[in-house]
Amino acid sequence: TEDPCLFEKSSCMKSSEEVLISLCQDCFSKQGSIIKHMSHEGTSTSHVQKPLDEYDFNVKNLAVDLKDGVCLARMIDIVTSRLSLLSSMRLPADTRQHKLYNVKLSLSALKKIDVRNISDITTAHVVNAHQPRILQLIWSIILHFELPEFNQEIIHYEASRLIQSHA
């Protein structure tokens with residue numbers, strides 16, 4: 001399980017240093033920086049809560065939850081166990097540009113490791129929540145990594161693709 005966040009997502013303060021400065025600005029305003037005083041005493045304030053710490057990786061709807069690229073990047077990091085795409089993500093992915101950038105990183109990583117059947121999937125497909133392309137992407141990842149928990153589903157998927165291509 002993940003560590004819970006120290007600060008609420010809606011909080012304007014995201015570090016222990018910000019909290020101390022805010023609490024002490026009236027009481028110690030003539031004393032100088034509380035952080036400097038604490039460092040002279042051998043104490044430090046180091047906790048900083050980043051947007052990635054607050055991110056909810058639970059996928060409830062493939063089309064909606066993958067469109068910012070972050071869950072997709074985490075999935076790639078997990079199945080490859082050697083990439084670290086999450087550290088390159090632009091967070092929070094509030095703008096379309098950030099989402100496109102994040103999805104582009106993920107798709108590029110998949111292409112580099114030769115995941116098949118994704119050349120016709122664009123970043124816009126994922127960001128715009130194009131369900132058929134997103135399903136194609138997910139199945140291509142599952143097939144590439146031969147994830148054992150999907151063996152029966154892989155057979156059904158491949159059979160349906162063969163039937164559709166010959167119909």
# chains A, B, ... in the order shown; residues from 1 in each chain; ligands from 1
call {"tool": "residues_around", "arguments": {"residues": "region 79-88 of chain A", "least_positions_apart": "3", "cutoff": "10 Å", "atoms": "only C-alpha atoms", "output": "short mmCIF file (atom, residue, chain, number, x, y, z; two decimals) with C-alpha atoms, in the first residue's frame"}}
result
data_model
loop_
_atom_site.label_atom_id
_atom_site.label_comp_id
_atom_site.auth_asym_id
_atom_site.auth_seq_id
_atom_site.Cartn_x
_atom_site.Cartn_y
_atom_site.Cartn_z
CA LEU A 52 2.56 12.34 -7.85
CA GLY A 69 -0.96 9.40 -19.45
CA VAL A 70 -0.01 8.95 -15.79
CA CYS A 71 -1.71 5.59 -15.13
CA LEU A 72 -0.48 4.38 -18.50
CA ALA A 73 3.08 5.34 -17.54
CA ARG A 74 2.79 3.58 -14.19
CA MET A 75 1.50 0.44 -15.88
CA ILE A 76 4.48 0.52 -18.26
CA LEU A 91 2.09 16.90 -13.11
CA TYR A 101 3.16 15.17 -23.50
CA ASN A 102 2.59 12.43 -20.90
CA LEU A 105 6.19 9.65 -23.48
CA SER A 106 4.27 6.46 -22.73
CA ALA A 109 8.40 3.97 -24.54
CA LEU A 110 6.09 1.21 -25.80
CA ILE A 113 10.34 -1.91 -26.62
CA ILE A 141 0.52 -4.37 -23.96
CA ILE A 142 -1.02 -7.53 -22.48
CA PHE A 145 4.23 -8.96 -22.05
CA LEU A 147 0.75 -11.52 -18.72
#
call {"tool": "residues_around", "arguments": {"residues": "Gln131 (chain A)", "least_positions_apart": "6", "cutoff": "9 Å", "atoms": "only C-alpha atoms", "output": "PyMOL selection string"}}
result
chain A and resi 62-63+125
call {"tool": "residues_around", "arguments": {"residues": "Glu18 (chain A)", "least_positions_apart": "2", "cutoff": "12 Å", "atoms": "only C-alpha atoms", "output": "PDB file with C-alpha atoms, in the first residue's frame"}}
result
ATOM      1  CA  PHE A   7      -1.441  17.244   3.476  1.00  0.00           C
ATOM      2  CA  SER A  11      -4.321  22.393   0.817  1.00  0.00           C
ATOM      3  CA  CYS A  12      -2.356  25.414  -0.391  1.00  0.00           C
ATOM      4  CA  MET A  13       0.613  24.225   1.700  1.00  0.00           C
ATOM      5  CA  LYS A  14       2.431  21.111   0.573  1.00  0.00           C
ATOM      6  CA  SER A  15       5.611  21.075   2.689  1.00  0.00           C
ATOM      7  CA  SER A  16       6.485  21.005   6.368  1.00  0.00           C
ATOM      8  CA  LEU A  20       6.243  26.125  10.018  1.00  0.00           C
ATOM      9  CA  ILE A  21       6.779  29.476   8.331  1.00  0.00           C
ATOM     10  CA  SER A  22       3.033  30.128   8.266  1.00  0.00           C
ATOM     11  CA  LEU A  23       2.552  29.158  11.920  1.00  0.00           C
ATOM     12  CA  CYS A  24       5.523  31.142  13.176  1.00  0.00           C
ATOM     13  CA  GLN A  25       5.411  34.278  11.042  1.00  0.00           C
ATOM     14  CA  SER A  33      13.734  32.566   9.881  1.00  0.00           C
ATOM     15  CA  ILE A  34      12.372  29.715  12.014  1.00  0.00           C
ATOM     16  CA  ILE A  35      13.958  27.300   9.538  1.00  0.00           C
ATOM     17  CA  THR A  45      12.050  20.158   7.876  1.00  0.00           C
ATOM     18  CA  SER A  46      12.161  18.018   4.811  1.00  0.00           C
ATOM     19  CA  HIS A  47       8.732  16.707   3.893  1.00  0.00           C
ATOM     20  CA  VAL A  48       7.398  17.936   0.558  1.00  0.00           C
ATOM     21  CA  GLN A  49       4.242  16.486  -0.931  1.00  0.00           C
TER      22      GLN A  49
END
call {"tool": "select_by_dssp", "arguments": {"residues": "region 7-167 of chain A", "states": "alpha helix (DSSP H)", "output": "ChimeraX atom specification"}}
result
/A:16-24,34-40,51-54,62-65,70-80,96-112,123-127,131-145,151-165
